$ cat run_23.tsv   # TSV, C-alpha atoms
chain	number	residue	atom	x	y	z
H	205	MET	CA	-62.63	44.12	99.63
H	206	ASN	CA	-62.70	43.82	95.86
H	207	ARG	CA	-63.91	47.43	95.58
H	208	ARG	CA	-61.07	48.60	97.83
H	209	SER	CA	-58.44	46.76	95.78
H	210	LYS	CA	-59.85	48.35	92.62
H	211	ARG	CA	-59.53	51.78	94.25
H	212	ASP	CA	-55.98	50.99	95.34
H	213	GLN	CA	-55.17	49.76	91.84
H	214	SER	CA	-56.66	52.93	90.35
H	215	ALA	CA	-54.62	55.11	92.73
H	216	ASP	CA	-51.47	53.15	91.85
H	217	ASP	CA	-52.19	53.60	88.14
H	218	GLN	CA	-52.64	57.35	88.62
H	219	ARG	CA	-49.35	57.58	90.56
H	220	ASN	CA	-47.54	55.60	87.85
H	221	THR	CA	-49.00	57.84	85.15
H	222	LEU	CA	-47.90	60.96	87.02
H	223	GLU	CA	-44.40	59.50	87.49
H	224	ARG	CA	-44.14	58.71	83.76
H	225	ARG	CA	-45.30	62.23	82.86
H	226	SER	CA	-42.79	63.81	85.24
H	227	ARG	CA	-40.01	61.66	83.74
H	228	SER	CA	-41.10	62.71	80.23
H	229	LYS	CA	-41.03	66.36	81.28
H	230	ALA	CA	-37.58	65.83	82.79
H	231	HIS	CA	-36.33	64.39	79.47
H	232	LEU	CA	-37.81	67.31	77.54
H	233	GLY	CA	-36.20	69.68	80.02
H	234	ALA	CA	-32.84	67.98	79.46
H	235	ILE	CA	-33.16	68.37	75.69
H	236	ARG	CA	-34.11	72.04	76.03
H	237	ALA	CA	-31.28	72.53	78.52
H	238	ILE	CA	-28.70	71.71	75.83
H	239	LYS	CA	-29.90	74.62	73.70
H	240	ALA	CA	-30.28	76.89	76.74
H	241	ALA	CA	-26.75	76.12	77.94
H	242	HIS	CA	-25.27	76.91	74.55
H	243	THR	CA	-27.40	80.01	74.16
H	244	GLY	CA	-26.05	81.33	77.46
H	245	ASP	CA	-22.43	80.65	76.41
H	246	ARG	CA	-22.59	82.75	73.23
H	247	THR	CA	-19.89	85.32	72.57
H	248	TRP	CA	-20.91	88.88	71.79
H	249	MET	CA	-20.19	88.20	68.11
H	250	GLU	CA	-22.47	85.15	68.12
H	251	ARG	CA	-25.22	87.24	69.74
H	252	VAL	CA	-24.81	89.88	67.01
H	253	ALA	CA	-24.87	87.13	64.34
H	254	ASP	CA	-28.10	85.71	65.79
H	255	ARG	CA	-29.75	89.13	65.87
H	256	MET	CA	-28.65	89.95	62.31
H	257	THR	CA	-29.86	86.57	61.05
H	258	ARG	CA	-33.27	87.12	62.68
H	259	LEU	CA	-33.41	90.65	61.25
H	260	ALA	CA	-32.53	89.48	57.72
H	261	ALA	CA	-35.22	86.77	57.89
H	262	ASN	CA	-37.89	89.41	58.65
H	263	PRO	CA	-40.27	90.33	55.76
H	264	TRP	CA	-39.79	93.99	56.65
H	265	PHE	CA	-36.09	93.63	55.82
H	266	PHE	CA	-37.08	92.55	52.31
H	267	ALA	CA	-39.62	95.38	51.97
H	268	LEU	CA	-37.05	97.95	53.15
H	269	HIS	CA	-34.61	96.80	50.48
H	270	VAL	CA	-37.24	96.98	47.73
H	271	VAL	CA	-38.08	100.58	48.71
H	272	TRP	CA	-34.39	101.51	49.10
H	273	PHE	CA	-33.39	100.09	45.68
H	274	ALA	CA	-36.37	101.68	43.95
H	275	LEU	CA	-35.62	105.13	45.44
H	276	TRP	CA	-31.89	104.82	44.68
H	277	ILE	CA	-32.57	103.91	41.05
H	278	ILE	CA	-35.23	106.62	40.57
H	279	LEU	CA	-32.93	109.28	42.07
H	280	ASN	CA	-29.98	108.20	39.94
H	281	ILE	CA	-31.41	107.52	36.46
H	282	GLY	CA	-32.16	111.19	35.87
H	283	ILE	CA	-35.95	111.28	36.07
H	284	SER	CA	-36.02	113.12	39.39
H	285	PRO	CA	-35.32	116.85	39.80
H	286	MET	CA	-32.33	115.94	42.01
H	287	ARG	CA	-28.90	115.62	40.41
H	288	PRO	CA	-27.78	111.89	40.32
H	289	PHE	CA	-25.12	111.10	42.94
H	290	ASP	CA	-24.53	107.51	41.71
H	291	PRO	CA	-25.33	107.42	37.99
H	292	TYR	CA	-25.93	104.22	36.04
H	293	PRO	CA	-24.42	101.50	36.42
H	294	PHE	CA	-24.76	102.41	40.13
H	295	GLY	CA	-21.22	101.59	41.28
H	296	LEU	CA	-21.76	102.86	44.85
H	297	LEU	CA	-25.00	100.86	45.23
H	298	THR	CA	-23.25	97.75	43.90
H	299	MET	CA	-20.44	98.15	46.43
H	300	ILE	CA	-22.85	98.73	49.35
H	301	VAL	CA	-25.04	95.75	48.39
H	302	SER	CA	-21.96	93.52	47.95
H	303	LEU	CA	-20.62	94.46	51.39
H	304	GLU	CA	-24.03	93.89	52.94
H	305	ALA	CA	-24.28	90.47	51.28
H	306	ILE	CA	-20.81	89.51	52.54
H	307	PHE	CA	-21.59	90.48	56.12
H	308	LEU	CA	-25.05	88.88	56.10
H	309	SER	CA	-23.56	85.66	54.69
H	310	LEU	CA	-20.94	85.61	57.44
H	311	PHE	CA	-23.57	86.19	60.13
H	312	VAL	CA	-25.78	83.42	58.73
H	313	LEU	CA	-22.81	81.02	58.54
H	314	MET	CA	-21.84	81.80	62.13
H	315	ALA	CA	-25.39	81.19	63.36
H	316	GLN	CA	-25.69	77.98	61.33
H	317	GLY	CA	-22.35	76.71	62.62
H	318	ARG	CA	-23.44	77.19	66.22
H	319	GLU	CA	-26.80	75.53	65.53
H	320	ALA	CA	-25.00	72.65	63.80
H	321	SER	CA	-22.77	72.07	66.82
H	322	ILE	CA	-25.84	72.01	69.11
H	323	ALA	CA	-27.59	69.58	66.72
H	324	GLU	CA	-24.48	67.37	66.67
H	325	LEU	CA	-24.43	67.30	70.45
H	326	ARG	CA	-28.14	66.36	70.53
H	327	GLU	CA	-27.53	63.59	67.98
H	328	GLU	CA	-24.68	62.20	70.08
H	329	LEU	CA	-26.87	62.32	73.18
H	330	THR	CA	-29.69	60.57	71.30
H	331	LEU	CA	-27.29	57.89	70.09
H	332	GLN	CA	-26.01	57.25	73.62
H	333	VAL	CA	-29.56	57.06	74.99
H	334	ASN	CA	-30.61	54.70	72.18
H	335	LEU	CA	-27.61	52.45	72.80
H	336	ARG	CA	-28.47	52.33	76.49
H	337	ILE	CA	-32.11	51.54	75.71
H	338	GLU	CA	-31.02	48.77	73.35
H	339	ALA	CA	-28.80	47.26	76.05
H	340	GLU	CA	-31.71	47.37	78.50
H	341	VAL	CA	-34.08	45.74	75.98
H	342	THR	CA	-31.51	43.00	75.28
H	343	LYS	CA	-31.13	42.38	79.01
H	344	THR	CA	-34.91	42.25	79.39
H	345	LEU	CA	-35.14	39.69	76.56
H	346	GLN	CA	-32.42	37.62	78.22
H	347	LEU	CA	-34.29	37.69	81.54
H	348	VAL	CA	-37.58	36.74	79.88
H	349	ALA	CA	-35.91	33.88	77.99
H	350	GLY	CA	-34.33	32.69	81.26
H	351	LEU	CA	-37.67	32.79	83.08
H	352	TYR	CA	-39.33	31.01	80.17
H	353	THR	CA	-36.72	28.24	80.38
H	354	ARG	CA	-37.04	27.97	84.18
H	355	LEU	CA	-40.76	27.44	83.81
H	356	GLY	CA	-39.94	24.33	81.80
H	357	HIS	CA	-40.63	25.71	78.36
H	358	ILE	CA	-38.16	25.45	75.49
H	359	VAL	CA	-37.09	28.65	73.80
H	360	GLY	CA	-37.58	27.95	70.09
H	361	ASP	CA	-34.58	27.62	67.83
H	362	ASP	CA	-35.20	31.00	66.31
H	363	PRO	CA	-32.05	32.57	64.76
H	364	GLU	CA	-33.61	36.05	64.94
H	365	LEU	CA	-34.33	35.61	68.65
H	366	ARG	CA	-30.78	34.33	69.24
H	367	GLU	CA	-29.43	37.43	67.51
H	368	MET	CA	-31.71	39.66	69.60
H	369	LEU	CA	-30.41	38.04	72.78
H	370	GLN	CA	-26.84	39.05	71.89
H	371	PRO	CA	-25.50	42.48	72.89
H	372	LEU	CA	-25.56	45.08	70.12
H	373	ASP	CA	-22.30	45.46	68.20
H	374	SER	CA	-22.46	49.16	67.34
H	375	GLN	CA	-19.06	49.04	65.61
H	376	LEU	CA	-20.30	46.33	63.23
H	377	ILE	CA	-23.39	48.40	62.44
H	378	GLU	CA	-21.18	51.44	61.82
H	379	ARG	CA	-18.92	49.44	59.45
H	380	GLU	CA	-21.93	48.07	57.56
H	381	LEU	CA	-23.43	51.55	57.27
H	382	LEU	CA	-20.16	53.00	55.96
H	383	GLU	CA	-19.95	50.17	53.41
H	384	GLN	CA	-23.53	50.90	52.29
H	385	ILE	CA	-22.69	54.59	51.92
H	386	GLN	CA	-19.41	53.91	50.13
H	387	SER	CA	-20.83	51.32	47.70
H	388	PRO	CA	-22.85	53.75	45.50
H	389	ILE	CA	-19.93	56.19	45.55
H	390	ASN	CA	-17.57	53.48	44.32
H	391	LYS	CA	-20.06	52.43	41.62
H	392	HIS	CA	-20.44	56.06	40.51
H	393	ASN	CA	-16.66	56.54	40.37
H	394	GLY	CA	-16.18	53.28	38.48
H	395	ASP	CA	-14.20	51.61	41.28
H	396	ASP	CA	-16.66	48.71	41.37
H	397	LYS	CA	-15.95	47.41	37.88
H	398	PRO	CA	-16.93	43.80	37.19
H	399	THR	CA	-14.04	41.39	36.86
H	400	ASP	CA	-13.69	39.23	33.76
$ encode --input "run_23.tsv" --output "structure tokens"
Amino acid sequence: MNRRSKRDQSADDQRNTLERRSRSKAHLGAIRAIKAAHTGDRTWMERVADRMTRLAANPWFFALHVVWFALWIILNIGISPMRPFDPYPFGLLTMIVSLEAIFLSLFVLMAQGREASIAELREELTLQVNLRIEAEVTKTLQLVAGLYTRLGHIVGDDPELREMLQPLDSQLIERELLEQIQSPINKHNGDDKPTD
């Protein structure tokens, strides 16, 4: 009988482990789904911006520019048998490179803006999940403290435990965080001058 209960316990443990793993995979799938959903909703311009950003980040893009600039300069400084078409100070090359830099910068900014909005959405989701977890942990602590009291034990007069048993005041934490952020700024600007 003892051997059977151990087998049953082992089977239950395996089922619980599989359930936890499937829940973990579901959470990972939800996180990936945010990016996938936003990737599918891209406009044609955002798709072009993503492609251009990936292209510009390629080492071959750098190598192509090195070869292009070297050939352009060699052909236009007068050491080649060909007549220069953009003599020094290379006005045409400067204009082309400036336009390319402007467009690449815009593409990178567009791609970064979209990635930033996805990251902001993930952060908000993480915050909401963390707040829910905190509420569940507080409720669990309250239940444990209640059971502890019902068993005839006295919950110690611990101020930290009392604070943990209270629901989280996220607005208070936000205000304290903003004050902590603002304090060095005020000191740097001289707003926090000592009073005589």
$ atom_distance --input "run_23.tsv" --atom1 "atom CA of Ala253 of chain H" --atom2 "atom CA of Glu304 of chain H"
13.3 Å
$ closest_residue --input "run_23.tsv" --among "H:Leu372, H:Val270, H:Leu275, H:Ile306" --to "Ile337 of chain H" --atoms "all atoms listed in the file"
H:Leu372
$ residues_around --input "run_23.tsv" --residues "segment 339-353 of chain H" --least-positions-apart "5" --cutoff "8 Å" --atoms "all atoms listed in the file" --output "list in words"
Ile358, Val359, Met368, Leu369, Gln370, Pro371 and Leu372 of chain H
$ residues_around --input "run_23.tsv" --residues "segment 285-290 of chain H" --least-positions-apart "6" --cutoff "12 Å" --atoms "all atoms listed in the file" --output "JSON list (two decimals) with C-alpha atoms, keeping the file's coordinate frame"
[["chain", "number", "residue", "atom", "x", "y", "z"],
["H", 275, "LEU", "CA", -35.62, 105.13, 45.44],
["H", 276, "TRP", "CA", -31.89, 104.82, 44.68],
["H", 277, "ILE", "CA", -32.57, 103.91, 41.05],
["H", 278, "ILE", "CA", -35.23, 106.62, 40.57],
["H", 279, "LEU", "CA", -32.93, 109.28, 42.07],
["H", 296, "LEU", "CA", -21.76, 102.86, 44.85],
["H", 297, "LEU", "CA", -25.00, 100.86, 45.23],
["H", 298, "THR", "CA", -23.25, 97.75, 43.90],
["H", 299, "MET", "CA", -20.44, 98.15, 46.43],
["H", 300, "ILE", "CA", -22.85, 98.73, 49.35]]
$ atom_distance --input "run_23.tsv" --atom1 "atom CA of Asn390 of chain H" --atom2 "atom CA of Glu324 of chain H"
27.2 Å
$ atom_distance --input "run_23.tsv" --atom1 "atom CA of Thr330 of chain H" --atom2 "atom CA of Gln384 of chain H"
22.2 Å
$ closest_residue --input "run_23.tsv" --among "H:Ile281, H:Ala274, H:Ser321, H:Phe311" --to "Leu259 of chain H" --atoms "only C-alpha atoms"
H:Phe311
$ residues_around --input "run_23.tsv" --residues "Arg318 of chain H" --least-positions-apart "5" --cutoff "12 Å" --atoms "only C-alpha atoms" --output "mmCIF file with C-alpha atoms, keeping the file's coordinate frame"
data_model
loop_
_atom_site.group_PDB
_atom_site.id
_atom_site.type_symbol
_atom_site.label_atom_id
_atom_site.label_comp_id
_atom_site.auth_asym_id
_atom_site.auth_seq_id
_atom_site.Cartn_x
_atom_site.Cartn_y
_atom_site.Cartn_z
ATOM 1 C CA LYS H 239 -29.900 74.620 73.700
ATOM 2 C CA HIS H 242 -25.270 76.910 74.550
ATOM 3 C CA THR H 243 -27.400 80.010 74.160
ATOM 4 C CA ASP H 245 -22.430 80.650 76.410
ATOM 5 C CA ARG H 246 -22.590 82.750 73.230
ATOM 6 C CA THR H 247 -19.890 85.320 72.570
ATOM 7 C CA MET H 249 -20.190 88.200 68.110
ATOM 8 C CA GLU H 250 -22.470 85.150 68.120
ATOM 9 C CA ARG H 251 -25.220 87.240 69.740
ATOM 10 C CA ALA H 253 -24.870 87.130 64.340
ATOM 11 C CA ASP H 254 -28.100 85.710 65.790
ATOM 12 C CA PHE H 311 -23.570 86.190 60.130
ATOM 13 C CA VAL H 312 -25.780 83.420 58.730
ATOM 14 C CA LEU H 313 -22.810 81.020 58.540
ATOM 15 C CA ALA H 323 -27.590 69.580 66.720
ATOM 16 C CA GLU H 324 -24.480 67.370 66.670
ATOM 17 C CA LEU H 325 -24.430 67.300 70.450
#
$ decode --input "run_23.tsv" --residues "segment 274-287 of chain H" --atoms "all heavy atoms" --output "PDB file, in the first residue's frame"
ATOM      1  N   ALA H 274      35.894  54.785 -51.661  1.00  0.00           N
ATOM      2  CA  ALA H 274      37.270  54.694 -52.162  1.00  0.00           C
ATOM      3  C   ALA H 274      37.297  54.853 -53.684  1.00  0.00           C
ATOM      4  O   ALA H 274      38.107  55.632 -54.226  1.00  0.00           O
ATOM      5  CB  ALA H 274      37.892  53.358 -51.754  1.00  0.00           C
ATOM      6  N   LEU H 275      36.400  54.145 -54.393  1.00  0.00           N
ATOM      7  CA  LEU H 275      36.350  54.275 -55.858  1.00  0.00           C
ATOM      8  C   LEU H 275      35.988  55.691 -56.284  1.00  0.00           C
ATOM      9  O   LEU H 275      36.590  56.253 -57.223  1.00  0.00           O
ATOM     10  CB  LEU H 275      35.345  53.277 -56.439  1.00  0.00           C
ATOM     11  CG  LEU H 275      35.786  51.831 -56.514  1.00  0.00           C
ATOM     12  CD1 LEU H 275      34.640  50.926 -56.952  1.00  0.00           C
ATOM     13  CD2 LEU H 275      36.972  51.695 -57.474  1.00  0.00           C
ATOM     14  N   TRP H 276      35.008  56.285 -55.618  1.00  0.00           N
ATOM     15  CA  TRP H 276      34.555  57.643 -55.952  1.00  0.00           C
ATOM     16  C   TRP H 276      35.714  58.634 -55.811  1.00  0.00           C
ATOM     17  O   TRP H 276      35.949  59.465 -56.683  1.00  0.00           O
ATOM     18  CB  TRP H 276      33.408  58.036 -55.018  1.00  0.00           C
ATOM     19  CG  TRP H 276      32.693  59.293 -55.435  1.00  0.00           C
ATOM     20  CD1 TRP H 276      33.142  60.587 -55.349  1.00  0.00           C
ATOM     21  CD2 TRP H 276      31.398  59.388 -56.021  1.00  0.00           C
ATOM     22  NE1 TRP H 276      32.214  61.473 -55.816  1.00  0.00           N
ATOM     23  CE2 TRP H 276      31.131  60.753 -56.234  1.00  0.00           C
ATOM     24  CE3 TRP H 276      30.439  58.450 -56.357  1.00  0.00           C
ATOM     25  CZ2 TRP H 276      29.932  61.203 -56.776  1.00  0.00           C
ATOM     26  CZ3 TRP H 276      29.252  58.906 -56.902  1.00  0.00           C
ATOM     27  CH2 TRP H 276      29.010  60.264 -57.108  1.00  0.00           C
ATOM     28  N   ILE H 277      36.449  58.516 -54.700  1.00  0.00           N
ATOM     29  CA  ILE H 277      37.559  59.440 -54.453  1.00  0.00           C
ATOM     30  C   ILE H 277      38.679  59.214 -55.462  1.00  0.00           C
ATOM     31  O   ILE H 277      39.219  60.163 -56.039  1.00  0.00           O
ATOM     32  CB  ILE H 277      38.059  59.295 -52.996  1.00  0.00           C
ATOM     33  CG1 ILE H 277      36.988  59.831 -52.040  1.00  0.00           C
ATOM     34  CG2 ILE H 277      39.379  60.023 -52.780  1.00  0.00           C
ATOM     35  CD1 ILE H 277      37.228  59.517 -50.586  1.00  0.00           C
ATOM     36  N   ILE H 278      39.023  57.953 -55.714  1.00  0.00           N
ATOM     37  CA  ILE H 278      40.094  57.647 -56.683  1.00  0.00           C
ATOM     38  C   ILE H 278      39.728  58.158 -58.068  1.00  0.00           C
ATOM     39  O   ILE H 278      40.565  58.737 -58.776  1.00  0.00           O
ATOM     40  CB  ILE H 278      40.386  56.126 -56.712  1.00  0.00           C
ATOM     41  CG1 ILE H 278      41.081  55.714 -55.419  1.00  0.00           C
ATOM     42  CG2 ILE H 278      41.216  55.733 -57.925  1.00  0.00           C
ATOM     43  CD1 ILE H 278      41.181  54.217 -55.213  1.00  0.00           C
ATOM     44  N   LEU H 279      38.483  57.974 -58.487  1.00  0.00           N
ATOM     45  CA  LEU H 279      38.056  58.428 -59.815  1.00  0.00           C
ATOM     46  C   LEU H 279      37.995  59.943 -59.915  1.00  0.00           C
ATOM     47  O   LEU H 279      38.105  60.491 -61.020  1.00  0.00           O
ATOM     48  CB  LEU H 279      36.682  57.838 -60.159  1.00  0.00           C
ATOM     49  CG  LEU H 279      36.633  56.339 -60.426  1.00  0.00           C
ATOM     50  CD1 LEU H 279      35.191  55.872 -60.608  1.00  0.00           C
ATOM     51  CD2 LEU H 279      37.477  55.983 -61.643  1.00  0.00           C
ATOM     52  N   ASN H 280      37.853  60.633 -58.801  1.00  0.00           N
ATOM     53  CA  ASN H 280      37.627  62.077 -58.867  1.00  0.00           C
ATOM     54  C   ASN H 280      38.770  62.944 -58.345  1.00  0.00           C
ATOM     55  O   ASN H 280      38.657  64.174 -58.335  1.00  0.00           O
ATOM     56  CB  ASN H 280      36.350  62.423 -58.110  1.00  0.00           C
ATOM     57  CG  ASN H 280      35.133  61.998 -58.888  1.00  0.00           C
ATOM     58  OD1 ASN H 280      34.831  62.540 -59.935  1.00  0.00           O
ATOM     59  ND2 ASN H 280      34.442  60.980 -58.374  1.00  0.00           N
ATOM     60  N   ILE H 281      39.897  62.354 -57.923  1.00  0.00           N
ATOM     61  CA  ILE H 281      41.028  63.193 -57.511  1.00  0.00           C
ATOM     62  C   ILE H 281      42.058  63.346 -58.629  1.00  0.00           C
ATOM     63  O   ILE H 281      43.052  64.037 -58.467  1.00  0.00           O
ATOM     64  CB  ILE H 281      41.703  62.654 -56.227  1.00  0.00           C
ATOM     65  CG1 ILE H 281      42.233  61.245 -56.414  1.00  0.00           C
ATOM     66  CG2 ILE H 281      40.789  62.769 -55.040  1.00  0.00           C
ATOM     67  CD1 ILE H 281      43.049  60.731 -55.216  1.00  0.00           C
ATOM     68  N   GLY H 282      41.813  62.727 -59.754  1.00  0.00           N
ATOM     69  CA  GLY H 282      42.654  62.927 -60.927  1.00  0.00           C
ATOM     70  C   GLY H 282      43.777  61.920 -61.096  1.00  0.00           C
ATOM     71  O   GLY H 282      44.634  62.115 -61.949  1.00  0.00           O
ATOM     72  N   ILE H 283      43.809  60.857 -60.344  1.00  0.00           N
ATOM     73  CA  ILE H 283      44.876  59.865 -60.523  1.00  0.00           C
ATOM     74  C   ILE H 283      44.455  58.729 -61.446  1.00  0.00           C
ATOM     75  O   ILE H 283      45.273  57.911 -61.818  1.00  0.00           O
ATOM     76  CB  ILE H 283      45.361  59.292 -59.169  1.00  0.00           C
ATOM     77  CG1 ILE H 283      44.232  58.585 -58.424  1.00  0.00           C
ATOM     78  CG2 ILE H 283      45.987  60.359 -58.300  1.00  0.00           C
ATOM     79  CD1 ILE H 283      44.705  57.822 -57.190  1.00  0.00           C
ATOM     80  N   SER H 284      43.205  58.720 -61.856  1.00  0.00           N
ATOM     81  CA  SER H 284      42.752  57.678 -62.782  1.00  0.00           C
ATOM     82  C   SER H 284      42.723  58.259 -64.194  1.00  0.00           C
ATOM     83  O   SER H 284      42.667  59.477 -64.379  1.00  0.00           O
ATOM     84  CB  SER H 284      41.365  57.177 -62.381  1.00  0.00           C
ATOM     85  OG  SER H 284      40.385  58.146 -62.687  1.00  0.00           O
ATOM     86  N   PRO H 285      42.766  57.389 -65.220  1.00  0.00           N
ATOM     87  CA  PRO H 285      42.740  57.896 -66.598  1.00  0.00           C
ATOM     88  C   PRO H 285      41.394  58.540 -66.962  1.00  0.00           C
ATOM     89  O   PRO H 285      41.305  59.305 -67.930  1.00  0.00           O
ATOM     90  CB  PRO H 285      42.998  56.657 -67.455  1.00  0.00           C
ATOM     91  CG  PRO H 285      42.765  55.481 -66.575  1.00  0.00           C
ATOM     92  CD  PRO H 285      42.900  55.946 -65.168  1.00  0.00           C
ATOM     93  N   MET H 286      40.364  58.274 -66.162  1.00  0.00           N
ATOM     94  CA  MET H 286      39.028  58.825 -66.422  1.00  0.00           C
ATOM     95  C   MET H 286      38.953  60.278 -65.950  1.00  0.00           C
ATOM     96  O   MET H 286      39.562  60.658 -64.959  1.00  0.00           O
ATOM     97  CB  MET H 286      38.003  57.977 -65.653  1.00  0.00           C
ATOM     98  CG  MET H 286      36.598  58.140 -66.131  1.00  0.00           C
ATOM     99  SD  MET H 286      35.577  56.906 -65.287  1.00  0.00           S
ATOM    100  CE  MET H 286      34.321  57.958 -64.678  1.00  0.00           C
ATOM    101  N   ARG H 287      38.215  61.086 -66.721  1.00  0.00           N
ATOM    102  CA  ARG H 287      38.050  62.492 -66.352  1.00  0.00           C
ATOM    103  C   ARG H 287      37.149  62.586 -65.120  1.00  0.00           C
ATOM    104  O   ARG H 287      36.089  61.958 -65.077  1.00  0.00           O
ATOM    105  CB  ARG H 287      37.405  63.243 -67.517  1.00  0.00           C
ATOM    106  CG  ARG H 287      37.410  64.726 -67.338  1.00  0.00           C
ATOM    107  CD  ARG H 287      36.918  65.434 -68.603  1.00  0.00           C
ATOM    108  NE  ARG H 287      36.102  66.561 -68.155  1.00  0.00           N
ATOM    109  CZ  ARG H 287      34.838  66.743 -68.406  1.00  0.00           C
ATOM    110  NH1 ARG H 287      34.188  65.893 -69.169  1.00  0.00           N
ATOM    111  NH2 ARG H 287      34.203  67.775 -67.943  1.00  0.00           N
TER     112      ARG H 287
END
